[in-house]
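Colleague: My structure is in final-v7.csv, and what it holds is CSV, C-alpha atoms and all ligand atoms:
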```
chain,number,residue,atom,x,y,z
A,1,MET,CA,119.5,97.0,76.7
A,2,ASP,CA,119.1,94.9,79.9
A,3,THR,CA,117.3,91.7,78.9
A,4,GLN,CA,117.6,89.8,82.2
A,5,ARG,CA,114.3,88.4,83.2
A,6,TRP,CA,113.1,87.2,86.7
A,7,THR,CA,111.5,84.0,87.6
A,8,ARG,CA,110.3,83.5,91.2
A,9,ARG,CA,112.8,80.7,91.7
A,10,GLN,CA,115.7,82.6,90.3
A,11,VAL,CA,115.0,85.5,92.7
A,12,LEU,CA,114.8,83.3,95.7
A,13,VAL,CA,117.7,81.1,95.1
A,14,GLY,CA,119.8,82.8,92.4
A,15,GLY,CA,122.0,84.8,94.8
A,16,VAL,CA,122.7,81.8,97.1
A,17,ILE,CA,123.7,79.5,94.2
A,18,GLY,CA,125.7,82.2,92.6
A,19,MET,CA,127.8,82.8,95.7
A,20,ALA,CA,128.3,79.2,96.6
A,21,GLY,CA,130.7,78.7,93.7
A,22,LEU,CA,132.9,81.6,94.9
A,23,VAL,CA,133.5,80.6,98.6
A,24,ALA,CA,135.9,78.0,99.9
A,25,PRO,CA,134.3,74.8,101.4
A,26,ARG,CA,135.4,75.7,105.0
A,27,GLU,CA,134.1,79.3,104.6
A,28,ALA,CA,130.9,77.9,103.2
A,29,ALA,CA,130.4,75.5,106.1
A,30,ARG,CA,131.0,78.4,108.6
A,31,ALA,CA,128.5,80.6,106.7
A,32,GLN,CA,126.0,77.8,106.8
A,33,SER,CA,126.3,77.3,110.6
A,34,ARG,CA,125.6,81.1,111.1
A,35,PRO,CA,121.9,81.9,111.5
A,36,ALA,CA,120.7,83.9,108.5
A,37,PRO,CA,119.9,87.5,109.4
A,38,PRO,CA,116.2,88.5,109.4
A,39,ALA,CA,116.4,90.5,106.1
A,40,ALA,CA,117.6,87.4,104.3
A,41,ALA,CA,114.2,85.8,104.8
A,42,ALA,CA,112.9,88.0,102.0
A,43,GLY,CA,115.1,86.2,99.5
A,44,THR,CA,117.4,88.0,97.2
A,45,LEU,CA,117.4,89.7,93.9
A,46,LYS,CA,120.2,90.7,91.5
A,47,ILE,CA,120.3,94.4,90.5
A,48,GLY,CA,121.8,94.9,87.0
A,49,GLY,CA,122.7,91.3,86.8
A,50,ASP,CA,125.6,91.5,89.3
A,51,LEU,CA,124.5,93.1,92.6
A,52,THR,CA,122.9,90.5,94.8
A,53,VAL,CA,120.9,92.1,97.7
A,54,ASN,CA,118.4,90.9,100.2
A,55,ARG,CA,114.9,92.0,99.1
A,56,MET,CA,114.4,93.9,102.3
A,57,GLY,CA,116.0,97.3,102.0
A,58,PHE,CA,116.1,100.4,104.1
A,59,GLY,CA,115.1,104.0,103.1
A,60,ALA,CA,117.3,106.6,104.7
A,61,MET,CA,115.1,109.7,104.1
A,62,ARG,CA,113.6,109.7,107.6
A,63,ILE,CA,116.9,110.0,109.4
A,64,THR,CA,116.9,113.8,108.7
A,65,GLY,CA,115.0,116.7,110.3
A,66,SER,CA,111.3,117.6,110.0
A,67,GLY,CA,110.3,118.2,106.3
A,68,ILE,CA,113.3,116.1,105.3
A,69,TRP,CA,115.3,119.2,106.2
A,70,GLY,CA,118.4,119.6,108.3
A,71,GLU,CA,119.7,117.5,111.1
A,72,PRO,CA,117.6,114.7,112.8
A,73,LYS,CA,116.2,115.3,116.3
A,74,ASP,CA,118.3,112.4,117.5
A,75,ALA,CA,121.5,111.9,115.4
A,76,ALA,CA,122.8,109.1,117.7
A,77,GLU,CA,119.6,107.2,117.1
A,78,ALA,CA,119.8,107.8,113.4
A,79,ARG,CA,123.3,106.3,113.4
A,80,ARG,CA,122.1,103.4,115.5
A,81,VAL,CA,119.3,102.8,113.0
A,82,LEU,CA,121.8,102.5,110.1
A,83,ARG,CA,124.1,100.2,112.0
A,84,ARG,CA,121.2,98.0,113.2
A,85,ALA,CA,119.9,97.8,109.6
A,86,VAL,CA,123.2,96.2,108.5
A,87,GLU,CA,123.2,93.9,111.6
A,88,LEU,CA,119.7,92.7,110.6
A,89,GLY,CA,121.0,91.8,107.1
A,90,VAL,CA,119.9,94.8,105.2
A,91,ASP,CA,122.4,95.3,102.4
A,92,PHE,CA,120.5,97.8,100.3
A,93,VAL,CA,120.3,101.4,101.6
A,94,ASP,CA,118.4,104.0,99.6
A,95,THR,CA,119.3,107.7,100.0
A,96,ALA,CA,119.6,110.9,98.0
A,97,ASP,CA,121.6,114.1,98.0
A,98,ALA,CA,118.3,115.9,98.5
A,99,TYR,CA,117.6,114.2,101.9
A,100,GLY,CA,118.5,116.9,104.4
A,101,PRO,CA,119.9,118.0,101.9
A,102,GLN,CA,123.2,116.1,102.3
A,103,VAL,CA,122.4,115.0,105.9
A,104,SER,CA,121.3,111.4,105.0
A,105,GLU,CA,124.3,110.7,102.9
A,106,ARG,CA,126.7,112.2,105.5
A,107,LEU,CA,125.1,110.2,108.3
A,108,ILE,CA,125.4,107.0,106.2
A,109,ALA,CA,129.2,107.6,105.8
A,110,GLU,CA,129.6,108.5,109.5
A,111,ALA,CA,127.8,105.4,110.7
A,112,LEU,CA,128.8,102.8,108.2
A,113,HIS,CA,132.1,103.7,106.5
A,114,PRO,CA,134.3,101.7,105.9
A,115,TYR,CA,131.4,99.8,104.4
A,116,PRO,CA,130.9,96.1,104.9
A,117,GLN,CA,131.4,94.0,101.8
A,118,GLY,CA,128.3,93.7,99.7
A,119,LEU,CA,126.5,96.8,101.1
A,120,VAL,CA,124.8,98.6,98.2
A,121,ILE,CA,124.2,102.3,98.8
A,122,ALA,CA,121.8,103.6,96.2
A,123,THR,CA,121.7,107.4,96.0
A,124,LYS,CA,119.9,109.8,93.7
A,125,GLY,CA,120.3,113.2,92.1
A,126,GLY,CA,118.0,115.6,90.2
A,127,LEU,CA,116.1,117.4,93.0
A,128,VAL,CA,117.2,120.5,94.8
A,129,ARG,CA,115.9,121.8,98.1
A,130,PRO,CA,115.1,125.5,98.6
A,131,GLY,CA,113.7,124.8,102.1
A,132,PRO,CA,111.8,122.3,104.3
A,133,SER,CA,109.2,120.1,102.4
A,134,SER,CA,110.1,121.8,99.1
A,135,TRP,CA,111.6,119.8,96.2
A,136,VAL,CA,112.5,121.3,92.8
A,137,PRO,CA,113.7,119.3,89.9
A,138,ASP,CA,117.0,120.1,88.3
A,139,GLY,CA,117.9,117.7,85.5
A,140,ARG,CA,120.5,119.9,83.8
A,141,PRO,CA,123.5,117.8,82.8
A,142,GLN,CA,125.9,120.1,84.6
A,143,HIS,CA,123.9,119.9,87.8
A,144,LEU,CA,123.7,116.1,87.7
A,145,ARG,CA,127.4,115.9,87.2
A,146,GLU,CA,128.1,118.1,90.2
A,147,ALA,CA,125.5,116.3,92.3
A,148,CYS,CA,127.0,112.9,91.5
A,149,GLU,CA,130.5,114.0,92.3
A,150,ALA,CA,129.4,115.6,95.6
A,151,SER,CA,127.6,112.3,96.6
A,152,LEU,CA,130.8,110.3,95.8
A,153,LYS,CA,132.7,112.6,98.1
A,154,ARG,CA,130.1,112.6,100.9
A,155,LEU,CA,129.6,108.8,100.8
A,156,GLN,CA,133.4,108.3,100.5
A,157,LEU,CA,133.0,106.1,97.5
A,158,ALA,CA,135.0,105.7,94.3
A,159,ARG,CA,131.9,104.5,92.5
A,160,ILE,CA,128.2,104.6,93.3
A,161,ASP,CA,126.7,101.1,92.9
A,162,LEU,CA,123.2,102.4,91.9
A,163,TYR,CA,122.7,106.1,91.0
A,164,GLN,CA,119.0,107.0,90.4
A,165,PHE,CA,117.7,110.0,88.5
A,166,HIS,CA,115.4,111.3,91.2
A,167,HIS,CA,112.8,113.1,89.1
A,168,ILE,CA,112.4,114.3,85.5
A,169,ASP,CA,112.9,118.1,85.1
A,170,PRO,CA,110.1,119.4,82.9
A,171,LYS,CA,112.6,122.0,81.5
A,172,VAL,CA,115.1,119.4,80.4
A,173,PRO,CA,114.5,116.5,77.9
A,174,LEU,CA,115.0,113.4,79.9
A,175,GLU,CA,117.4,112.1,77.2
A,176,ASP,CA,119.8,114.9,78.1
A,177,SER,CA,119.7,114.1,81.8
A,178,ILE,CA,120.0,110.4,81.3
A,179,GLY,CA,122.7,111.0,78.7
A,180,GLU,CA,124.9,112.8,81.2
A,181,LEU,CA,124.4,110.0,83.8
A,182,ALA,CA,125.5,107.5,81.1
A,183,ARG,CA,128.7,109.6,80.6
A,184,LEU,CA,129.4,109.5,84.3
A,185,GLN,CA,128.9,105.8,84.2
A,186,LYS,CA,131.4,105.5,81.3
A,187,GLU,CA,133.8,107.5,83.4
A,188,GLY,CA,133.5,104.8,86.2
A,189,LYS,CA,131.7,107.0,88.7
A,190,ILE,CA,128.5,105.0,88.6
A,191,ARG,CA,128.1,101.2,88.3
A,192,HIS,CA,124.4,101.0,87.5
A,193,LEU,CA,121.7,103.6,86.6
A,194,GLY,CA,118.2,103.7,87.9
A,195,VAL,CA,115.3,106.1,87.5
A,196,SER,CA,112.6,107.3,89.9
A,197,ASN,CA,109.1,108.7,89.4
A,198,PHE,CA,108.9,107.5,85.8
A,199,THR,CA,106.0,106.3,83.7
A,200,VAL,CA,106.2,103.3,81.4
A,201,GLU,CA,106.7,105.7,78.4
A,202,GLU,CA,109.5,107.7,80.1
A,203,LEU,CA,111.2,104.4,81.1
A,204,ALA,CA,111.1,103.2,77.5
A,205,ARG,CA,112.7,106.6,76.4
A,206,ALA,CA,115.4,106.3,79.1
A,207,ARG,CA,116.2,102.7,78.1
A,208,ARG,CA,116.7,103.9,74.5
A,209,VAL,CA,119.6,106.0,75.7
A,210,THR,CA,121.3,103.5,78.0
A,211,PRO,CA,120.5,100.4,80.2
A,212,ILE,CA,118.4,101.2,83.2
A,213,VAL,CA,118.4,98.5,86.0
A,214,SER,CA,115.8,99.8,88.4
A,215,VAL,CA,112.7,102.0,88.9
A,216,GLN,CA,111.8,103.7,92.2
A,217,ASN,CA,108.1,104.8,92.2
A,218,ARG,CA,105.5,105.2,94.9
A,219,TYR,CA,103.7,101.9,95.4
A,220,ASN,CA,101.9,100.4,98.3
A,221,ILE,CA,98.7,98.4,99.0
A,222,ALA,CA,96.6,101.5,98.9
A,223,ASP,CA,98.3,103.2,95.9
A,224,ARG,CA,99.0,101.0,92.9
A,225,THR,CA,99.2,103.7,90.3
A,226,SER,CA,102.5,102.3,89.2
A,227,ALA,CA,101.3,98.8,88.6
A,228,ASP,CA,102.0,99.1,84.9
A,229,VAL,CA,105.6,100.1,85.6
A,230,LEU,CA,106.0,97.2,88.0
A,231,ALA,CA,104.8,94.9,85.3
A,232,VAL,CA,107.5,96.2,82.9
A,233,CYS,CA,110.2,95.8,85.6
A,234,GLU,CA,109.0,92.2,86.2
A,235,ARG,CA,109.0,91.3,82.5
A,236,GLU,CA,112.3,93.0,81.7
A,237,GLY,CA,114.4,92.0,84.8
A,238,LEU,CA,114.6,95.5,86.4
A,239,ALA,CA,114.3,95.9,90.2
A,240,PHE,CA,111.2,97.8,91.3
A,241,ILE,CA,111.8,99.8,94.4
A,242,PRO,CA,108.5,101.0,96.0
A,243,TRP,CA,108.7,104.2,97.9
A,244,ALA,CA,106.2,104.9,100.7
A,245,PRO,CA,105.8,101.1,101.0
A,246,ILE,CA,103.8,101.5,104.3
A,247,ALA,CA,102.0,104.7,103.1
A,248,ARG,CA,104.3,106.9,105.1
A,249,GLY,CA,103.4,105.1,108.3
A,250,SER,CA,99.7,105.9,108.0
A,251,PRO,CA,97.5,103.0,109.2
A,252,ASP,CA,94.5,105.1,108.0
A,253,ILE,CA,95.7,105.2,104.4
A,254,LEU,CA,96.6,101.5,104.5
A,255,GLU,CA,93.2,100.7,105.9
A,256,SER,CA,91.4,102.9,103.5
A,257,SER,CA,92.5,100.7,100.6
A,258,ALA,CA,90.0,98.4,98.9
A,259,ALA,CA,92.0,95.5,100.4
A,260,SER,CA,91.8,96.8,103.9
A,261,LYS,CA,89.7,94.0,105.3
A,262,ALA,CA,92.1,91.4,103.8
A,263,LEU,CA,95.1,93.3,105.2
A,264,GLU,CA,93.7,93.4,108.7
A,265,ALA,CA,92.8,89.7,108.5
A,266,LEU,CA,96.4,88.9,107.4
A,267,ALA,CA,97.8,91.0,110.3
A,268,LYS,CA,95.5,89.2,112.7
A,269,ALA,CA,96.2,85.7,111.4
A,270,HIS,CA,100.0,86.1,111.6
A,271,GLY,CA,100.0,88.2,114.8
A,272,VAL,CA,101.8,91.1,113.1
A,273,SER,CA,101.2,94.8,112.7
A,274,VAL,CA,99.4,96.3,109.7
A,275,PHE,CA,102.7,97.8,108.6
A,276,GLN,CA,104.3,94.4,108.6
A,277,ALA,CA,101.4,92.9,106.7
A,278,ALA,CA,101.7,95.7,104.1
A,279,ILE,CA,105.5,94.9,103.7
A,280,ALA,CA,104.8,91.2,103.5
A,281,TRP,CA,102.2,91.8,100.8
A,282,LEU,CA,104.8,93.8,98.7
A,283,LEU,CA,107.3,91.0,99.0
A,284,ALA,CA,104.8,88.4,97.9
A,285,LYS,CA,103.3,90.6,95.1
A,286,SER,CA,106.4,90.4,92.8
A,287,PRO,CA,109.9,88.9,92.8
A,288,ALA,CA,111.1,92.2,91.3
A,289,MET,CA,110.0,94.1,94.4
A,290,LEU,CA,112.6,95.6,96.7
A,291,PRO,CA,110.8,97.5,99.5
A,292,ILE,CA,112.7,100.3,101.4
A,293,PRO,CA,110.6,101.2,104.4
A,294,GLY,CA,112.0,104.2,106.2
A,295,THR,CA,112.2,105.0,109.8
A,296,SER,CA,114.2,107.1,112.4
A,297,SER,CA,113.7,104.5,115.1
A,298,VAL,CA,115.5,101.2,115.9
A,299,ALA,CA,112.3,99.7,117.3
A,300,HIS,CA,110.3,100.5,114.1
A,301,LEU,CA,113.2,99.3,111.9
A,302,GLU,CA,113.3,95.9,113.8
A,303,GLU,CA,109.5,95.6,113.3
A,304,ASP,CA,109.7,96.4,109.6
A,305,VAL,CA,112.6,94.1,108.8
A,306,ALA,CA,110.9,91.2,110.7
A,307,ALA,CA,108.2,91.3,108.0
A,308,ALA,CA,110.6,89.5,105.7
A,309,ARG,CA,109.8,86.2,107.4
A,310,ILE,CA,106.0,86.4,106.9
A,311,ARG,CA,104.7,84.0,104.2
A,312,LEU,CA,101.4,84.6,102.6
A,313,SER,CA,99.2,81.7,101.5
A,314,ALA,CA,97.9,81.8,97.9
A,315,SER,CA,94.4,82.7,99.2
A,316,GLU,CA,95.7,85.5,101.4
A,317,LEU,CA,97.6,86.9,98.4
A,318,ALA,CA,94.5,86.6,96.2
A,319,ALA,CA,92.3,88.4,98.7
A,320,LEU,CA,94.8,91.3,98.8
A,321,GLY,CA,94.8,91.6,95.0
A,401,LIG,N1,112.1,108.5,94.9
A,401,LIG,C1,111.3,109.3,95.6
A,401,LIG,O1,110.8,110.3,95.0
A,401,LIG,C2,111.0,109.0,97.0
A,401,LIG,C3,110.0,109.7,97.7
A,401,LIG,C4,109.8,109.4,99.1
A,401,LIG,C5,110.6,108.4,99.7
A,401,LIG,N2,111.5,107.8,99.0
A,401,LIG,C6,112.4,106.7,99.6
A,401,LIG,O2,111.5,105.7,100.1
A,401,LIG,C7,111.7,105.5,101.5
A,401,LIG,C8,110.4,105.1,102.1
A,401,LIG,O3,109.5,106.1,101.9
A,401,LIG,P1,108.8,107.0,103.1
A,401,LIG,O4,109.8,107.1,104.2
A,401,LIG,O5,108.3,108.2,102.5
A,401,LIG,O6,107.6,106.1,103.5
A,401,LIG,P2,107.3,104.8,104.4
A,401,LIG,O7,108.5,103.9,104.4
A,401,LIG,O8,106.1,104.2,103.8
A,401,LIG,O9,106.9,105.3,105.8
A,401,LIG,C9,107.9,105.9,106.6
A,401,LIG,C10,107.2,106.5,107.8
A,401,LIG,O10,106.6,105.4,108.6
A,401,LIG,C11,107.0,105.5,109.9
A,401,LIG,N3,107.2,104.1,110.3
A,401,LIG,C12,108.1,103.2,109.8
A,401,LIG,N4,108.1,102.0,110.4
A,401,LIG,C13,107.1,102.1,111.3
A,401,LIG,C14,106.5,101.2,112.2
A,401,LIG,N5,107.0,99.9,112.3
A,401,LIG,N6,105.5,101.6,113.0
A,401,LIG,C15,105.0,102.9,113.0
A,401,LIG,N7,105.5,103.8,112.1
A,401,LIG,C16,106.5,103.4,111.3
A,401,LIG,C17,108.2,106.3,110.0
A,401,LIG,O11,108.2,107.1,111.2
A,401,LIG,P3,109.3,106.8,112.3
A,401,LIG,O12,110.5,107.5,111.9
A,401,LIG,O13,108.7,107.4,113.5
A,401,LIG,O14,109.5,105.4,112.4
A,401,LIG,C18,108.1,107.2,108.8
A,401,LIG,O15,107.5,108.5,109.1
A,401,LIG,C19,112.4,106.8,102.0
A,401,LIG,O16,113.1,106.6,103.2
A,401,LIG,C20,113.2,107.2,100.8
A,401,LIG,O17,114.4,106.4,100.8
A,401,LIG,C21,111.8,108.1,97.7
```
For the structure just supplied, provide its representation as structure tokens.
Ligand SMILES: NC(=O)c1ccc[n+]([C@@H]2O[C@H](COP(=O)([O-])OP(=O)(O)OC[C@H]3O[C@@H](n4cnc5c(N)ncnc54)[C@H](OP(=O)(O)O)[C@@H]3O)[C@@H](O)[C@H]2O)c1
Modeller:
Amino acid sequence: MDTQRWTRRQVLVGGVIGMAGLVAPREAARAQSRPAPPAAAAGTLKIGGDLTVNRMGFGAMRITGSGIWGEPKDAAEARRVLRRAVELGVDFVDTADAYGPQVSERLIAEALHPYPQGLVIATKGGLVRPGPSSWVPDGRPQHLREACEASLKRLQLARIDLYQFHHIDPKVPLEDSIGELARLQKEGKIRHLGVSNFTVEELARARRVTPIVSVQNRYNIADRTSADVLAVCEREGLAFIPWAPIARGSPDILESSAASKALEALAKAHGVSVFQAAIAWLLAKSPAMLPIPGTSSVAHLEEDVAAARIRLSASELAALG
């Protein structure tokens, strides 16, 4: 069982201290003179105790066609988004075999392979796609094995750093699905296992089968249904990866939340957009949080990543809840 626990200080400085011992003095001096990329302003967290990433990730679901189906309208822009994310210091890219399907993973390999050192590509398996906007769970062990092996091939990886079980299949006990992923891990095809769309109880069941290092659930300022799961992650040292961190790009939803006035006040006080304020709130909310805003546009990406530098005061955080 993973018993690593977060403290705010560990999350902010742990990665930096951990790496300092590994680099030669001249290299360290050169690294210090280079300006830190924007995503680094979010601080770092360690996934599974050994993967240090900046807490500002990128979600690669939106670089596909409408309904998360087929090719994107502008494939060149999609590749530019991926490359720009890395330039901005993003070193955690979330994807899934189901995005496109296959399109997101393929574009990641086209744009970024050979991958820069330290880039973590987190993919998922467990959902199949009969058509646009349609998602069907398939948690059969045989399917998960085939999905994982196909992702390895598409991403041109020998091992996937973080493989997430996308969604429980109501027809398959979650222990059977997770058990097969644990076997793939033992075979060296997966480094760490995460889960997605899990309740606290389901997470506890999965963790009785094998160590789980992350949970990816919907969570944003207007939808805190998974607050209990976040609390478990924080307590137990798991990363919490909120999907739809900016409520799918809907200012109306963000502003419909109970905290809408405080969110608008925060955006105004810092001279930032409501999306940036929503991301800054997530980062401030918990040191276990690893937001993955998604976009198909370089301009939006730059705006989202720039939120990493926004610092909330204690009273701003209290007002947002
Ligand atoms: N595990 C799961 O079941 C699950 C489910 C859904 C998503 N996810 C993951 O979570 C990631 C994020 O979720 P999401 O994409 O659904 O929601 P999101 O990140 O909250 O919002 C993405 C939407 O916001 C727009 N957007 C982004 N930045 C913007 C900006 N600065 N200004 C205006 N609009 C902006 C994007 O449109 P443009 O393209 O026009 O910028 C896109 O339509 C996904 O990419 C995926 O990796 C996981």
Colleague: Find the residues near A:Ile68: any atom within 10 Å, counting all atoms listed in the file, skip ones fewer than 6 places away on the same chain, and give them as an mmCIF file with C-alpha atoms, in the coordinates of the input.
Modeller:
```
data_model
loop_
_atom_site.group_PDB
_atom_site.id
_atom_site.type_symbol
_atom_site.label_atom_id
_atom_site.label_comp_id
_atom_site.auth_asym_id
_atom_site.auth_seq_id
_atom_site.Cartn_x
_atom_site.Cartn_y
_atom_site.Cartn_z
ATOM 1 C CA MET A 61 115.100 109.700 104.100
ATOM 2 C CA ARG A 62 113.600 109.700 107.600
ATOM 3 C CA ALA A 98 118.300 115.900 98.500
ATOM 4 C CA TYR A 99 117.600 114.200 101.900
ATOM 5 C CA GLY A 100 118.500 116.900 104.400
ATOM 6 C CA PRO A 101 119.900 118.000 101.900
ATOM 7 C CA VAL A 103 122.400 115.000 105.900
ATOM 8 C CA SER A 104 121.300 111.400 105.000
ATOM 9 C CA ARG A 129 115.900 121.800 98.100
ATOM 10 C CA GLY A 131 113.700 124.800 102.100
ATOM 11 C CA PRO A 132 111.800 122.300 104.300
ATOM 12 C CA SER A 133 109.200 120.100 102.400
ATOM 13 C CA SER A 134 110.100 121.800 99.100
ATOM 14 C CA TRP A 135 111.600 119.800 96.200
#
```
Colleague: Of the residues A:Arg311, A:Lys153, A:Arg191, A:Arg55, which is the one nearest to A:Gly43, using only C-alpha atoms?
Modeller: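 Of A:Arg311, A:Lys153, A:Arg191, A:Arg55, the one nearest A:Gly43, counting only C-alpha atoms, is A:Arg55.
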Colleague: What residues of the protein or nucleic acid chains come within 6 Å of ligand LIG 401 (chain A) when you use only C-alpha atoms and all ligand atoms? Reply as a count of residues only.
Modeller: 26
Colleague: Select, from A:Ala96, A:Ala122, A:Ala39, A:Ala265, the residue with the minimum atom-to-atom distance to A:His192, counting only C-alpha atoms.
Modeller: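 The answer is A:Ala122, which sits nearest to A:His192.
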Colleague: Just want the 12 Å neighbourhood of A:Lys261, counted on only C-alpha atoms, with same-chain residues fewer than 4 positions away dropped. Output as a ChimeraX atom specification.
Modeller: /A:221,254-257,265-268,274,277,316,319-321
Colleague: Between atom CA of A:Thr123 and atom CA of A:Gln164, what is the distance, to one decimal in Å?
Modeller: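 Interatomic distance, atom CA of A:Thr123 to atom CA of A:Gln164: 6.2 Å.
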Colleague: With a distance cut-off of 6 Å and all atoms listed in the file, select the neighbouring residues of A:Gly57, excluding the residue or stretch itself and same-chain residues fewer than 6 positions from it, and output the selection as a PyMOL selection string.
Modeller: chain A and resi 90+92-93+291-292
Colleague: Reconstruct stretch 110-117 of chain A at the level of all heavy atoms, and format the result as a PDB file, in the coordinates of the input.
Modeller:
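As a result, part.pdb now contains:
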```
ATOM      1  N   GLU A 110     129.145 108.438 108.071  1.00  0.00           N
ATOM      2  CA  GLU A 110     129.600 108.500 109.500  1.00  0.00           C
ATOM      3  C   GLU A 110     129.342 107.163 110.188  1.00  0.00           C
ATOM      4  O   GLU A 110     130.165 106.672 110.944  1.00  0.00           O
ATOM      5  CB  GLU A 110     128.867 109.592 110.229  1.00  0.00           C
ATOM      6  CG  GLU A 110     129.431 110.980 109.973  1.00  0.00           C
ATOM      7  CD  GLU A 110     128.561 112.058 110.603  1.00  0.00           C
ATOM      8  OE1 GLU A 110     127.734 111.752 111.494  1.00  0.00           O
ATOM      9  OE2 GLU A 110     128.707 113.216 110.184  1.00  0.00           O
ATOM     10  N   ALA A 111     128.168 106.596 109.945  1.00  0.00           N
ATOM     11  CA  ALA A 111     127.800 105.400 110.700  1.00  0.00           C
ATOM     12  C   ALA A 111     128.363 104.115 110.107  1.00  0.00           C
ATOM     13  O   ALA A 111     128.634 103.173 110.843  1.00  0.00           O
ATOM     14  CB  ALA A 111     126.251 105.273 110.720  1.00  0.00           C
ATOM     15  N   LEU A 112     128.546 104.075 108.797  1.00  0.00           N
ATOM     16  CA  LEU A 112     128.800 102.800 108.200  1.00  0.00           C
ATOM     17  C   LEU A 112     130.173 102.662 107.460  1.00  0.00           C
ATOM     18  O   LEU A 112     130.604 101.564 107.129  1.00  0.00           O
ATOM     19  CB  LEU A 112     127.701 102.424 107.176  1.00  0.00           C
ATOM     20  CG  LEU A 112     126.290 102.333 107.772  1.00  0.00           C
ATOM     21  CD1 LEU A 112     125.274 102.043 106.677  1.00  0.00           C
ATOM     22  CD2 LEU A 112     126.221 101.251 108.852  1.00  0.00           C
ATOM     23  N   HIS A 113     130.849 103.775 107.201  1.00  0.00           N
ATOM     24  CA  HIS A 113     132.100 103.700 106.500  1.00  0.00           C
ATOM     25  C   HIS A 113     133.244 103.336 107.487  1.00  0.00           C
ATOM     26  O   HIS A 113     133.251 103.882 108.598  1.00  0.00           O
ATOM     27  CB  HIS A 113     132.450 105.051 105.840  1.00  0.00           C
ATOM     28  CG  HIS A 113     133.611 104.960 104.897  1.00  0.00           C
ATOM     29  ND1 HIS A 113     134.914 105.130 105.321  1.00  0.00           N
ATOM     30  CD2 HIS A 113     133.674 104.699 103.571  1.00  0.00           C
ATOM     31  CE1 HIS A 113     135.724 104.976 104.290  1.00  0.00           C
ATOM     32  NE2 HIS A 113     135.003 104.718 103.214  1.00  0.00           N
ATOM     33  N   PRO A 114     134.170 102.421 107.165  1.00  0.00           N
ATOM     34  CA  PRO A 114     134.300 101.700 105.900  1.00  0.00           C
ATOM     35  C   PRO A 114     133.149 100.648 105.775  1.00  0.00           C
ATOM     36  O   PRO A 114     132.840  99.931 106.723  1.00  0.00           O
ATOM     37  CB  PRO A 114     135.647 100.964 106.051  1.00  0.00           C
ATOM     38  CG  PRO A 114     135.926 100.921 107.524  1.00  0.00           C
ATOM     39  CD  PRO A 114     135.235 102.089 108.134  1.00  0.00           C
ATOM     40  N   TYR A 115     132.579 100.615 104.584  1.00  0.00           N
ATOM     41  CA  TYR A 115     131.400  99.800 104.400  1.00  0.00           C
ATOM     42  C   TYR A 115     131.638  98.341 104.364  1.00  0.00           C
ATOM     43  O   TYR A 115     132.634  97.893 103.812  1.00  0.00           O
ATOM     44  CB  TYR A 115     130.717 100.241 103.033  1.00  0.00           C
ATOM     45  CG  TYR A 115     130.385 101.707 102.981  1.00  0.00           C
ATOM     46  CD1 TYR A 115     131.020 102.554 102.073  1.00  0.00           C
ATOM     47  CD2 TYR A 115     129.440 102.260 103.850  1.00  0.00           C
ATOM     48  CE1 TYR A 115     130.717 103.907 102.024  1.00  0.00           C
ATOM     49  CE2 TYR A 115     129.140 103.612 103.810  1.00  0.00           C
ATOM     50  CZ  TYR A 115     129.782 104.437 102.895  1.00  0.00           C
ATOM     51  OH  TYR A 115     129.491 105.765 102.861  1.00  0.00           O
ATOM     52  N   PRO A 116     130.712  97.562 104.987  1.00  0.00           N
ATOM     53  CA  PRO A 116     130.900  96.100 104.900  1.00  0.00           C
ATOM     54  C   PRO A 116     130.751  95.646 103.465  1.00  0.00           C
ATOM     55  O   PRO A 116     130.045  96.265 102.663  1.00  0.00           O
ATOM     56  CB  PRO A 116     129.710  95.572 105.760  1.00  0.00           C
ATOM     57  CG  PRO A 116     128.765  96.704 105.938  1.00  0.00           C
ATOM     58  CD  PRO A 116     129.522  97.972 105.726  1.00  0.00           C
ATOM     59  N   GLN A 117     131.453  94.572 103.153  1.00  0.00           N
ATOM     60  CA  GLN A 117     131.400  94.000 101.800  1.00  0.00           C
ATOM     61  C   GLN A 117     129.971  93.696 101.409  1.00  0.00           C
ATOM     62  O   GLN A 117     129.231  93.136 102.232  1.00  0.00           O
ATOM     63  CB  GLN A 117     132.262  92.785 101.721  1.00  0.00           C
ATOM     64  CG  GLN A 117     132.873  92.631 100.359  1.00  0.00           C
ATOM     65  CD  GLN A 117     133.592  91.305 100.230  1.00  0.00           C
ATOM     66  OE1 GLN A 117     133.859  90.628 101.215  1.00  0.00           O
ATOM     67  NE2 GLN A 117     133.922  90.946  99.012  1.00  0.00           N
TER      68      GLN A 117
END
```
